[in-house]
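Text of the file my_file37.tsv, holding TSV, C-alpha atoms and all ligand atoms:
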chain	number	residue	atom	x	y	z
A	21	MET	CA	125.76	67.10	87.20
A	22	ARG	CA	123.44	68.38	84.53
A	23	VAL	CA	122.54	71.75	83.06
A	24	LYS	CA	118.78	72.17	83.15
A	25	LYS	CA	118.55	75.67	81.81
A	26	ILE	CA	120.67	78.67	80.91
A	27	THR	CA	119.09	82.10	80.62
A	28	LEU	CA	121.11	84.76	78.83
A	29	SER	CA	120.15	88.39	78.56
A	30	SER	CA	122.03	90.99	76.46
A	31	PHE	CA	124.90	88.51	76.36
A	32	ARG	CA	127.11	88.65	73.22
A	33	ASN	CA	124.79	88.41	70.19
A	34	ILE	CA	121.92	87.06	72.30
A	35	ASP	CA	119.21	89.50	73.17
A	36	TYR	CA	117.32	87.13	75.43
A	37	ALA	CA	117.20	83.35	75.46
A	38	GLU	CA	116.08	80.68	77.88
A	39	ILE	CA	117.58	77.41	76.77
A	40	PRO	CA	116.58	74.09	78.36
A	41	PHE	CA	118.91	71.10	78.04
A	42	LYS	CA	118.21	67.41	78.27
A	43	GLU	CA	120.12	64.55	79.85
A	44	GLY	CA	122.66	62.84	77.63
A	45	MET	CA	123.66	64.50	74.38
A	46	ASN	CA	122.64	67.99	73.36
A	47	PHE	CA	123.74	69.59	70.12
A	48	LEU	CA	123.73	73.34	69.45
A	49	LEU	CA	123.27	73.42	65.72
A	50	GLY	CA	123.73	76.42	63.46
A	51	GLY	CA	125.83	78.12	60.81
A	52	ASN	CA	128.95	80.14	61.53
A	53	ALA	CA	128.69	83.24	63.71
A	54	GLN	CA	125.17	82.48	64.95
A	55	GLY	CA	125.92	82.31	68.69
A	56	LYS	CA	126.73	78.66	69.46
A	57	THR	CA	130.05	79.32	71.16
A	58	ASN	CA	128.51	82.31	72.92
A	59	ILE	CA	126.03	79.96	74.60
A	60	LEU	CA	128.82	77.63	75.74
A	61	GLU	CA	130.70	80.67	76.99
A	62	GLY	CA	127.61	81.66	79.01
A	63	ILE	CA	127.43	78.21	80.59
A	64	TYR	CA	131.15	77.90	81.27
A	65	LEU	CA	131.09	81.30	82.98
A	66	PHE	CA	129.75	79.43	85.98
A	67	ALA	CA	132.43	76.74	85.95
A	68	ARG	CA	135.36	79.12	85.70
A	69	GLY	CA	133.93	82.26	87.27
A	70	LYS	CA	134.81	84.26	84.16
A	71	SER	CA	134.83	83.97	80.38
A	72	PHE	CA	137.01	81.27	78.88
A	73	ARG	CA	137.79	83.57	75.99
A	74	LEU	CA	139.74	85.70	78.45
A	75	SER	CA	137.43	88.55	77.57
A	76	LYS	CA	136.61	91.34	79.95
A	77	ASP	CA	133.06	91.41	81.29
A	78	ALA	CA	132.37	94.54	79.24
A	79	GLU	CA	132.98	92.58	76.03
A	80	LEU	CA	130.26	90.12	76.98
A	81	ILE	CA	127.62	92.83	76.92
A	82	LYS	CA	125.55	92.83	73.75
A	83	PHE	CA	126.66	95.72	71.54
A	84	GLY	CA	124.63	98.77	72.49
A	85	ALA	CA	123.25	97.36	75.78
A	86	GLY	CA	124.16	98.61	79.26
A	87	GLY	CA	124.85	95.27	80.94
A	88	PHE	CA	124.29	91.53	80.74
A	89	SER	CA	122.92	88.82	82.95
A	90	ALA	CA	123.19	85.07	82.94
A	91	GLU	CA	121.52	82.47	85.09
A	92	LEU	CA	122.25	78.77	85.25
A	93	VAL	CA	119.93	76.18	86.72
A	94	PHE	CA	121.64	72.84	87.17
A	95	GLU	CA	121.08	69.53	88.84
A	96	GLY	CA	123.82	69.05	91.43
A	97	LYS	CA	124.55	65.78	93.14
A	98	GLU	CA	121.82	66.26	95.68
A	99	ARG	CA	119.60	69.09	94.57
A	100	GLU	CA	118.83	71.69	91.97
A	101	GLU	CA	121.05	74.76	92.23
A	102	ARG	CA	120.93	78.20	90.73
A	103	LEU	CA	123.89	80.43	89.90
A	104	ALA	CA	123.57	83.97	88.62
A	105	TYR	CA	126.07	86.41	87.10
A	106	ARG	CA	125.17	89.98	86.38
A	107	PHE	CA	127.26	92.88	85.13
A	108	ASP	CA	125.84	96.37	84.72
A	109	GLY	CA	128.85	97.90	83.01
A	110	LYS	CA	130.51	98.84	86.31
A	111	THR	CA	129.92	96.26	88.99
A	112	ARG	CA	129.43	92.54	88.81
A	113	GLU	CA	127.22	90.53	91.04
A	114	LYS	CA	127.41	86.78	91.46
A	115	ARG	CA	124.93	84.73	93.39
A	116	LYS	CA	124.35	81.15	94.39
A	117	ASN	CA	120.75	80.27	95.17
A	118	GLY	CA	120.15	83.97	95.74
A	119	VAL	CA	123.08	84.41	98.15
A	120	LEU	CA	125.77	86.91	97.16
A	121	LEU	CA	129.23	85.50	96.36
A	122	GLU	CA	132.13	87.79	97.18
A	123	ARG	CA	135.06	86.64	95.08
A	124	THR	CA	135.66	84.88	91.74
A	125	ALA	CA	136.90	81.85	93.67
A	126	ASP	CA	133.52	81.64	95.45
A	127	MET	CA	131.90	80.81	92.12
A	128	LEU	CA	134.16	77.78	91.66
A	129	GLY	CA	133.40	74.27	92.79
A	130	HIS	CA	129.60	74.44	92.50
A	131	PHE	CA	129.04	73.80	88.82
A	132	ARG	CA	131.74	71.65	87.23
A	133	ALA	CA	132.24	71.46	83.48
A	134	VAL	CA	134.95	70.34	81.08
A	135	LEU	CA	135.42	72.56	78.06
A	136	PHE	CA	136.92	71.53	74.73
A	137	TYR	CA	137.43	74.59	72.56
A	138	PRO	CA	139.17	74.48	69.15
A	139	ASP	CA	142.02	76.69	70.48
A	140	HIS	CA	142.82	73.92	72.94
A	141	LEU	CA	144.38	71.98	70.07
A	142	GLN	CA	147.36	74.27	70.75
A	143	LEU	CA	147.82	72.47	74.02
A	144	VAL	CA	150.32	69.99	72.62
A	145	LYS	CA	152.55	72.24	70.50
A	146	GLY	CA	151.79	75.66	71.96
A	147	SER	CA	153.81	77.41	74.65
A	148	PRO	CA	154.20	75.95	78.16
A	149	SER	CA	151.91	78.70	79.48
A	150	GLU	CA	148.97	77.05	77.68
A	151	ARG	CA	149.64	73.74	79.38
A	152	ARG	CA	150.04	75.46	82.74
A	153	ARG	CA	146.74	77.26	82.19
A	154	PHE	CA	145.05	73.96	81.39
A	155	LEU	CA	146.30	72.54	84.68
A	156	ASP	CA	145.45	75.66	86.67
A	157	VAL	CA	141.88	75.88	85.36
A	158	ALA	CA	141.24	72.17	85.86
A	159	ILE	CA	142.68	72.10	89.38
A	160	SER	CA	140.82	75.26	90.42
A	161	GLN	CA	137.50	73.63	89.65
A	162	CYS	CA	138.34	70.67	91.87
A	163	TYR	CA	140.03	72.72	94.59
A	164	PRO	CA	138.81	76.35	94.62
A	165	VAL	CA	141.50	77.22	97.21
A	166	TYR	CA	144.04	76.61	94.45
A	167	LEU	CA	142.85	79.72	92.65
A	168	SER	CA	143.37	81.87	95.76
A	169	LEU	CA	146.88	80.46	96.20
A	170	TYR	CA	147.62	81.02	92.55
A	171	THR	CA	146.35	84.60	92.60
A	172	ARG	CA	148.61	85.40	95.56
A	173	TYR	CA	151.53	83.70	93.85
A	174	ALA	CA	151.03	85.75	90.68
A	175	LYS	CA	150.87	88.97	92.70
A	176	TYR	CA	154.05	88.28	94.70
A	177	LEU	CA	155.81	87.12	91.56
A	178	SER	CA	155.05	90.34	89.76
A	179	GLU	CA	156.15	92.42	92.77
A	180	ARG	CA	159.36	90.42	93.14
A	181	ASN	CA	160.10	90.88	89.44
A	182	SER	CA	159.66	94.64	89.79
A	183	LEU	CA	162.16	94.64	92.65
A	184	LEU	CA	164.62	92.57	90.61
A	185	LYS	CA	164.37	95.14	87.83
A	186	LEU	CA	164.99	97.98	90.27
A	187	ALA	CA	167.96	96.10	91.72
A	188	GLN	CA	169.28	95.60	88.22
A	189	LYS	CA	169.35	99.36	87.67
A	190	GLY	CA	171.00	99.83	91.07
A	191	ASN	CA	169.65	102.64	93.15
A	192	GLY	CA	171.71	104.77	95.53
A	193	GLY	CA	172.79	101.90	97.76
A	194	TYR	CA	169.20	100.99	98.68
A	195	ASP	CA	169.07	97.42	99.95
A	196	PHE	CA	166.69	95.75	97.51
A	197	GLU	CA	168.08	92.37	98.38
A	198	ALA	CA	166.53	92.28	101.84
A	199	GLN	CA	163.17	93.12	100.35
A	200	ILE	CA	163.58	90.54	97.60
A	201	ALA	CA	164.38	87.92	100.24
A	202	VAL	CA	161.03	88.57	101.93
A	203	TYR	CA	159.28	87.90	98.62
A	204	SER	CA	161.43	84.83	98.03
A	205	ASP	CA	160.09	83.28	101.23
A	206	LEU	CA	156.50	84.11	100.39
A	207	LEU	CA	156.88	82.74	96.88
A	208	ALA	CA	158.71	79.60	97.96
A	209	SER	CA	155.95	78.54	100.28
A	210	LEU	CA	153.19	79.21	97.74
A	211	ALA	CA	155.19	77.54	94.97
A	212	ALA	CA	155.47	74.42	97.12
A	213	GLU	CA	151.74	74.33	97.78
A	214	LEU	CA	150.81	74.87	94.13
A	215	ARG	CA	153.41	72.35	93.03
A	216	LEU	CA	151.93	69.63	95.25
A	217	TYR	CA	148.48	70.19	93.76
A	218	ARG	CA	149.90	70.13	90.24
A	219	GLU	CA	152.03	67.01	90.80
A	220	GLU	CA	149.07	65.14	92.22
A	221	TYR	CA	146.79	66.28	89.42
A	222	ALA	CA	149.33	65.44	86.70
A	223	LYS	CA	149.73	61.97	88.15
A	224	LYS	CA	145.99	61.31	87.97
A	225	LEU	CA	145.79	62.84	84.52
A	226	SER	CA	148.56	60.58	83.33
A	227	VAL	CA	146.80	57.42	84.51
A	228	TYR	CA	143.43	58.25	82.93
A	229	ALA	CA	144.77	59.78	79.72
A	230	LYS	CA	147.16	56.90	79.10
A	231	ASP	CA	144.34	54.41	79.38
A	232	LEU	CA	141.93	56.43	77.22
A	233	LEU	CA	144.47	57.04	74.48
A	234	TYR	CA	145.46	53.40	74.36
A	235	THR	CA	141.84	52.43	73.73
A	236	LEU	CA	141.15	55.31	71.33
A	237	SER	CA	144.18	54.49	69.21
A	238	GLY	CA	143.26	50.81	68.91
A	239	GLU	CA	146.09	49.93	71.34
A	240	LYS	CA	148.67	51.62	69.11
A	241	GLU	CA	149.61	54.67	71.14
A	242	SER	CA	151.27	54.69	74.47
A	243	LEU	CA	151.25	57.99	76.31
A	244	SER	CA	153.60	59.09	79.03
A	245	LEU	CA	152.79	62.37	80.72
A	246	THR	CA	155.07	64.02	83.23
A	247	TYR	CA	155.26	67.28	85.10
A	248	HIS	CA	158.45	69.11	84.25
A	249	SER	CA	160.26	71.54	86.53
A	250	ASP	CA	163.81	72.74	87.21
A	251	THR	CA	163.15	72.22	90.90
A	252	PRO	CA	163.20	68.49	91.57
A	253	TYR	CA	160.37	66.71	93.34
A	254	GLU	CA	160.03	63.11	94.40
A	255	GLU	CA	156.86	61.35	95.43
A	256	GLY	CA	156.26	61.78	99.14
A	257	LEU	CA	158.17	65.05	99.53
A	258	ASP	CA	156.20	67.28	101.89
A	259	LYS	CA	155.40	70.95	101.72
A	260	ALA	CA	158.09	72.04	104.19
A	261	ALA	CA	160.84	70.20	102.35
A	262	LEU	CA	159.66	71.48	98.99
A	263	THR	CA	159.49	75.04	100.33
A	264	GLU	CA	163.14	74.72	101.40
A	265	ARG	CA	164.09	73.60	97.90
A	266	TYR	CA	162.41	76.64	96.36
A	267	LYS	CA	164.05	78.94	98.95
A	268	THR	CA	167.47	77.53	98.15
A	269	ALA	CA	166.88	77.79	94.41
A	270	LEU	CA	165.73	81.38	94.70
A	271	SER	CA	168.50	82.57	97.01
A	272	SER	CA	171.30	80.85	95.14
A	273	SER	CA	170.23	82.32	91.82
A	274	LEU	CA	169.76	85.89	93.02
A	275	PRO	CA	172.66	87.49	91.10
A	276	ARG	CA	171.46	85.78	87.94
A	277	GLU	CA	167.88	86.88	88.61
A	278	ILE	CA	168.96	90.48	89.12
A	279	GLY	CA	170.83	90.23	85.82
A	280	ALA	CA	167.73	88.88	84.10
A	281	GLY	CA	165.32	91.15	85.96
A	282	SER	CA	162.97	88.24	86.55
A	283	THR	CA	162.32	85.27	88.83
A	284	LEU	CA	163.95	82.17	87.39
A	285	PHE	CA	162.58	79.48	89.69
A	286	GLY	CA	159.01	78.61	90.54
A	287	VAL	CA	155.82	77.08	89.21
A	288	HIS	CA	155.44	79.83	86.58
A	289	ARG	CA	158.30	78.16	84.68
A	290	ASP	CA	156.98	74.61	84.65
A	291	ASP	CA	155.47	72.48	81.93
A	292	LEU	CA	153.63	69.27	81.17
A	293	VAL	CA	155.53	66.96	78.85
A	294	PHE	CA	153.80	64.39	76.67
A	295	TYR	CA	155.56	61.44	75.09
A	296	LEU	CA	153.80	59.33	72.46
A	297	ASN	CA	155.42	55.94	71.95
A	298	GLY	CA	158.56	57.33	73.52
A	299	LYS	CA	158.77	60.48	71.38
A	300	ASP	CA	158.20	64.06	72.52
A	301	ALA	CA	154.72	64.97	71.25
A	302	ARG	CA	155.68	68.64	70.97
A	303	ASP	CA	158.11	67.79	68.19
A	304	PHE	CA	156.61	64.71	66.61
A	305	ALA	CA	152.82	64.47	67.06
A	306	SER	CA	150.79	64.65	63.85
A	307	GLN	CA	147.60	66.75	63.64
A	308	GLY	CA	145.47	63.71	64.32
A	309	GLN	CA	147.64	62.60	67.22
A	310	GLN	CA	147.43	66.07	68.75
A	311	ARG	CA	143.65	66.04	68.41
A	312	SER	CA	143.41	62.61	70.04
A	313	LEU	CA	145.73	63.65	72.82
A	314	VAL	CA	143.78	66.79	73.64
A	315	LEU	CA	140.53	64.85	73.50
A	316	VAL	CA	141.75	62.27	76.00
A	317	LEU	CA	143.18	64.99	78.26
A	318	LYS	CA	139.75	66.58	78.41
A	319	LEU	CA	138.02	63.28	79.04
A	320	ALA	CA	140.62	62.51	81.72
A	321	GLU	CA	139.91	65.90	83.31
A	322	GLY	CA	136.28	64.81	83.51
A	323	LYS	CA	137.16	61.42	84.99
A	324	ILE	CA	139.24	63.05	87.73
A	325	SER	CA	136.36	65.33	88.61
A	326	GLU	CA	133.95	62.39	88.59
A	327	ALA	CA	136.18	60.30	90.87
A	328	LEU	CA	136.65	63.19	93.28
A	329	PHE	CA	133.02	64.24	93.56
A	330	GLY	CA	131.15	61.05	92.72
A	331	ASP	CA	129.28	62.89	89.99
A	332	THR	CA	130.02	63.45	86.28
A	333	PRO	CA	130.83	67.00	85.17
A	334	VAL	CA	129.08	68.51	82.14
A	335	TYR	CA	131.13	68.24	78.96
A	336	LEU	CA	131.01	71.31	76.69
A	337	PHE	CA	132.54	70.36	73.36
A	338	ASP	CA	132.76	73.21	70.88
A	339	ASP	CA	133.08	72.35	67.21
A	340	VAL	CA	134.81	69.07	67.92
A	341	LEU	CA	132.78	66.41	66.14
A	342	SER	CA	133.26	67.73	62.61
A	343	GLU	CA	137.01	67.37	63.03
A	344	LEU	CA	137.00	63.80	64.27
A	345	ASP	CA	137.21	60.73	62.08
A	346	GLU	CA	134.49	58.07	62.38
A	347	GLU	CA	136.42	55.90	64.80
A	348	ARG	CA	137.14	58.67	67.26
A	349	LYS	CA	133.61	60.03	66.96
A	350	LYS	CA	132.26	56.59	67.80
A	351	PHE	CA	134.60	56.34	70.78
A	352	LEU	CA	133.34	59.68	72.04
A	353	LEU	CA	129.62	59.24	71.37
A	354	GLU	CA	129.49	55.72	72.72
A	355	GLY	CA	131.88	56.21	75.58
A	356	VAL	CA	130.13	59.13	77.22
A	357	GLY	CA	128.24	56.94	79.66
A	358	SER	CA	125.66	58.81	81.68
A	359	ALA	CA	127.34	62.23	81.48
A	360	GLN	CA	125.66	65.21	79.88
A	361	PHE	CA	127.34	66.54	76.75
A	362	ILE	CA	126.66	69.81	74.98
A	363	PHE	CA	128.23	69.81	71.52
A	364	THR	CA	128.17	72.54	68.92
A	365	GLY	CA	128.43	72.17	65.16
A	366	CYS	CA	127.17	73.22	61.76
A	367	ASP	CA	126.20	69.79	60.53
A	368	ARG	CA	123.40	67.60	61.81
A	369	ALA	CA	124.96	64.60	60.11
A	370	SER	CA	128.10	64.77	62.25
A	371	VAL	CA	126.30	62.85	65.00
A	372	LYS	CA	124.73	60.31	62.63
A	373	ASP	CA	122.24	58.06	64.44
A	374	ALA	CA	123.30	58.92	67.97
A	375	PRO	CA	120.38	59.91	70.22
A	376	VAL	CA	120.88	63.66	70.30
A	377	HIS	CA	118.69	66.56	71.37
A	378	PHE	CA	119.11	69.31	68.79
A	379	ILE	CA	118.88	73.01	69.63
A	380	GLU	CA	119.01	75.33	66.66
A	381	VAL	CA	120.82	78.63	66.93
A	382	GLU	CA	120.31	81.39	64.40
A	383	ASN	CA	121.42	84.98	64.78
A	384	GLY	CA	121.36	84.77	68.57
A	385	GLU	CA	117.92	83.17	68.66
A	386	VAL	CA	117.28	79.65	69.75
A	387	THR	CA	114.68	77.04	68.82
A	388	PHE	CA	114.40	73.58	70.34
B	401	LIG	P1	131.22	79.39	64.52
B	401	LIG	O1	130.49	78.22	63.94
B	401	LIG	O2	131.85	80.21	63.45
B	401	LIG	O3	132.14	79.06	65.62
B	401	LIG	P2	129.34	80.49	66.45
B	401	LIG	O4	127.89	80.20	66.24
B	401	LIG	O5	130.04	79.72	67.50
B	401	LIG	O6	130.08	80.40	65.08
B	401	LIG	P3	129.83	82.80	68.11
B	401	LIG	O7	131.28	82.72	68.39
B	401	LIG	O8	128.93	82.31	69.17
B	401	LIG	O9	129.48	82.05	66.76
B	401	LIG	O10	129.54	84.32	67.74
B	401	LIG	C1	128.39	84.77	67.09
B	401	LIG	C2	128.48	86.24	66.84
B	401	LIG	O11	128.44	86.96	68.06
B	401	LIG	C3	129.73	86.73	66.12
B	401	LIG	O12	129.37	87.23	64.85
B	401	LIG	C4	130.25	87.86	66.99
B	401	LIG	O13	130.67	88.97	66.25
B	401	LIG	C5	129.04	88.21	67.81
B	401	LIG	N1	129.39	88.90	69.08
B	401	LIG	C6	130.45	88.68	69.87
B	401	LIG	N2	130.43	89.51	70.93
B	401	LIG	C7	129.33	90.28	70.78
B	401	LIG	C8	128.76	91.32	71.56
B	401	LIG	N3	129.34	91.74	72.69
B	401	LIG	N4	127.59	91.88	71.11
B	401	LIG	C9	127.01	91.45	69.97
B	401	LIG	N5	127.51	90.47	69.19
B	401	LIG	C10	128.65	89.89	69.59
B	402	MG	MG	131.88	78.79	67.53
File written out as structure tokens:
Amino acid sequence: MRVKKITLSSFRNIDYAEIPFKEGMNFLLGGNAQGKTNILEGIYLFARGKSFRLSKDAELIKFGAGGFSAELVFEGKEREERLAYRFDGKTREKRKNGVLLERTADMLGHFRAVLFYPDHLQLVKGSPSERRRFLDVAISQCYPVYLSLYTRYAKYLSERNSLLKLAQKGNGGYDFEAQIAVYSDLLASLAAELRLYREEYAKKLSVYAKDLLYTLSGEKESLSLTYHSDTPYEEGLDKAALTERYKTALSSSLPREIGAGSTLFGVHRDDLVFYLNGKDARDFASQGQQRSLVLVLKLAEGKISEALFGDTPVYLFDDVLSELDEERKKFLLEGVGSAQFIFTGCDRASVKDAPVHFIEVENGEVTF
């Protein structure tokens, strides 16, 4: 998979730009606050269906303009494809090869990209929700149905939590518990489905990341990655059996949940746990170890996508090279194989003699 061109209009600090990309390594070069990350954001819009900065569409509109548009032309496995995203301040319109796409999930699965953003360094020591988000975003790109399941799960979860809060207050003998039980069943079944996707994904991630980190660290670091949950799972457990486990967990903890006013079992409580040489990375990983770990997780994400679709995703690496030492940079620049990379950075020298196509970005304008 390869980005051929992105066209951005009234997007962030970009008035209008048509930016062609080459195969292999591309480097968006420019000083701070010139628009490099904005360009990656414009490209990744098509991988995730929305901004990775968690911004609202209105924030993507160039200050003072009435709307924005973005169009991506990319080389898919078999043919050239075109995705478009337009927002006029009120309604958004997404299209694939001219055909209207109805939902956010419809945008997923066409253009696949792996994003490394400096905030992702929080992945190791940040809250479990960051690691869950990493999994959810990565899985959604491989299996767009996952996003629909997840969206329903989040909706039922929030409704169930509201009921638990009402039950906590107690309300004129109204039977909240029967209503809560209906939500418990809905949640249990969705939790089981999501859990199976996550378990399978975490297993693949573990295999690739372990291998990559071992090489990157000069055979010094051994990674163990596991999916953590209060609801047990063993390899081979099917959806029906897992659903039963969630149902039991939810019904047996109801009094406690009413006391807490929130749902205490389910995939919204889970985590990914990383061990480096037998020690919990959350407590013991150094800055450099965290950086290496996140780097290999991202590369592993790409490998999973490649194995699944028989085609490399596009790697969007924001401000990563300047932070890497020579050894890790070499590992990255030499190990990319045939995939397309789009890096950003302030310093031309950070890629040394690697064959890189430079694109200069200055105040929202681009020269190549
Ligand atoms: P750095 O090297 O510091 O990461 P960058 O080149 O990646 O810089 P961007 O994050 O792309 O910089 O942002 C460039 C500028 O875009 C910022 O100064 C920001 O204020 C501006 N900007 C963000 N949103 C909008 C918007 N909606 N309209 C106009 N400008 C915006
Ligand atoms: Mg930036």
Proximity of chain A to ligand MG 402 (chain B): per-residue shortest pair, 9 Å limit, all atoms listed in the file, as a tab-separated table:
residue	atom	partner	partner_atom	distance
A:Asn52	CA	B:MG402	MG	6.8
A:Ala53	CA	B:MG402	MG	6.7
A:Gln54	CA	B:MG402	MG	8.1
A:Gly55	CA	B:MG402	MG	7.0
A:Lys56	CA	B:MG402	MG	5.5
A:Thr57	CA	B:MG402	MG	4.1
A:Asn58	CA	B:MG402	MG	7.3
A:Leu60	CA	B:MG402	MG	8.8
A:Tyr137	CA	B:MG402	MG	8.6
A:Pro138	CA	B:MG402	MG	8.6
A:Asp338	CA	B:MG402	MG	6.6
A:Asp339	CA	B:MG402	MG	6.6
A:Thr364	CA	B:MG402	MG	7.4
A:Gly365	CA	B:MG402	MG	7.8
Per residue of stretch 164-278 of chain A within 9 Å of stretch 154-157 of chain A, record the nearest atom pair and its distance in Å to one decimal, counting all atoms listed in the file, with rows in chain order and ascending residue number, as a Markdown table.
| residue | atom | partner | partner_atom | distance |
| --- | --- | --- | --- | --- |
| A:Tyr166 | CA | A:Asp156 | CA | 8.0 |
| A:Leu167 | CA | A:Asp156 | CA | 7.7 |
| A:Tyr170 | CA | A:Asp156 | CA | 8.2 |
| A:Arg218 | CA | A:Leu155 | CA | 7.0 |
| A:Tyr221 | CA | A:Leu155 | CA | 7.9 |
| A:Ala222 | CA | A:Leu155 | CA | 8.0 |
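For the atom pair formed by atom CA of A:Asp205 and atom CA of A:Tyr176, the distance is 10.2 Å, given to one decimal.
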Write out as a short mmCIF file (atom, residue, chain, number, x, y, z; two decimals) with C-alpha atoms, in the frame of the given file the residues lying within 8 Å of stretch 63-80 of chain A, counting only C-alpha atoms and excluding same-chain residues fewer than 2 positions away.
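Dumped to result-v2.cif:
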data_model
loop_
_atom_site.label_atom_id
_atom_site.label_comp_id
_atom_site.auth_asym_id
_atom_site.auth_seq_id
_atom_site.Cartn_x
_atom_site.Cartn_y
_atom_site.Cartn_z
CA ILE A 26 120.67 78.67 80.91
CA PHE A 31 124.90 88.51 76.36
CA ARG A 32 127.11 88.65 73.22
CA ILE A 59 126.03 79.96 74.60
CA LEU A 60 128.82 77.63 75.74
CA GLU A 61 130.70 80.67 76.99
CA LYS A 82 125.55 92.83 73.75
CA GLY A 87 124.85 95.27 80.94
CA PHE A 88 124.29 91.53 80.74
CA LEU A 92 122.25 78.77 85.25
CA LEU A 103 123.89 80.43 89.90
CA TYR A 105 126.07 86.41 87.10
CA PHE A 107 127.26 92.88 85.13
CA GLY A 109 128.85 97.90 83.01
CA THR A 124 135.66 84.88 91.74
CA ALA A 125 136.90 81.85 93.67
CA MET A 127 131.90 80.81 92.12
CA LEU A 128 134.16 77.78 91.66
CA GLY A 129 133.40 74.27 92.79
CA HIS A 130 129.60 74.44 92.50
CA PHE A 131 129.04 73.80 88.82
CA ARG A 132 131.74 71.65 87.23
CA ALA A 133 132.24 71.46 83.48
CA LEU A 135 135.42 72.56 78.06
CA VAL A 157 141.88 75.88 85.36
CA GLN A 161 137.50 73.63 89.65
#
For a cutoff of 7 Å around the file-coordinate point (115.1, 70.0, 88.2), which residues qualify once you count all atoms listed in the file? I'd like the result as JSON, numbers by chain. {"A": [24, 95, 100]}
Only C-alpha atoms, please: the residues just picked out, written as a PDB file, in the frame of the given file.
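Output file out31.pdb follows:
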ATOM      1  CA  LYS A  24     118.780  72.170  83.150  1.00  0.00           C
ATOM      2  CA  GLU A  95     121.080  69.530  88.840  1.00  0.00           C
ATOM      3  CA  GLU A 100     118.830  71.690  91.970  1.00  0.00           C
TER       4      GLU A 100
END
Please measure the separation of atom CA of A:Glu241 and atom CA of A:Tyr295, giving the value in Å to one decimal. 9.8 Å
Min atom-atom distance to ligand LIG 401 (chain B) from the set A:Thr27, A:Gly256, A:Gly51, A:Phe388, counting all atoms listed in the file, belongs to A:Gly51
Using only C-alpha atoms and all ligand atoms, find the one residue out of A:Ser342, A:Gly330, A:Gly298, A:Glu354 that sits nearest to ligand LIG 401 (chain B).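 Closest candidate: A:Ser342.
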Nearest residue to A:Leu341 from the set A:Glu255, A:Glu385, A:Glu179, A:Asp367 (distances using all atoms listed in the file):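 The closest residue to A:Leu341 is A:Asp367.
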Can you sort out stretch 72-84 of chain A so it carries N, CA and C atoms, written as an mmCIF file, in the frame of the given file?
data_model
loop_
_atom_site.group_PDB
_atom_site.id
_atom_site.type_symbol
_atom_site.label_atom_id
_atom_site.label_comp_id
_atom_site.auth_asym_id
_atom_site.auth_seq_id
_atom_site.Cartn_x
_atom_site.Cartn_y
_atom_site.Cartn_z
ATOM 1 N N PHE A 72 135.841 82.063 79.291
ATOM 2 C CA PHE A 72 137.010 81.270 78.880
ATOM 3 C C PHE A 72 137.744 81.920 77.734
ATOM 4 N N ARG A 73 137.095 82.900 77.084
ATOM 5 C CA ARG A 73 137.790 83.570 75.990
ATOM 6 C C ARG A 73 138.724 84.658 76.506
ATOM 7 N N LEU A 74 138.887 84.709 77.813
ATOM 8 C CA LEU A 74 139.740 85.700 78.450
ATOM 9 C C LEU A 74 139.263 87.120 78.165
ATOM 10 N N SER A 75 137.977 87.231 77.838
ATOM 11 C CA SER A 75 137.430 88.550 77.570
ATOM 12 C C SER A 75 137.099 89.254 78.882
ATOM 13 N N LYS A 76 137.076 90.566 78.801
ATOM 14 C CA LYS A 76 136.610 91.340 79.950
ATOM 15 C C LYS A 76 135.082 91.269 79.982
ATOM 16 N N ASP A 77 134.517 91.457 81.170
ATOM 17 C CA ASP A 77 133.060 91.410 81.290
ATOM 18 C C ASP A 77 132.373 92.370 80.322
ATOM 19 N N ALA A 78 132.991 93.538 80.113
ATOM 20 C CA ALA A 78 132.370 94.540 79.240
ATOM 21 C C ALA A 78 132.188 94.007 77.824
ATOM 22 N N GLU A 79 133.082 93.122 77.394
ATOM 23 C CA GLU A 79 132.980 92.580 76.030
ATOM 24 C C GLU A 79 131.844 91.577 75.894
ATOM 25 N N LEU A 80 131.362 91.092 77.021
ATOM 26 C CA LEU A 80 130.260 90.120 76.980
ATOM 27 C C LEU A 80 128.909 90.794 76.789
ATOM 28 N N ILE A 81 128.875 92.094 77.056
ATOM 29 C CA ILE A 81 127.620 92.830 76.920
ATOM 30 C C ILE A 81 127.258 92.962 75.449
ATOM 31 N N LYS A 82 126.011 92.694 75.141
ATOM 32 C CA LYS A 82 125.550 92.830 73.750
ATOM 33 C C LYS A 82 125.812 94.260 73.275
ATOM 34 N N PHE A 83 126.360 94.381 72.059
ATOM 35 C CA PHE A 83 126.660 95.720 71.540
ATOM 36 C C PHE A 83 125.458 96.630 71.747
ATOM 37 N N GLY A 84 125.704 97.787 72.347
ATOM 38 C CA GLY A 84 124.630 98.770 72.490
ATOM 39 C C GLY A 84 123.853 98.649 73.794
#
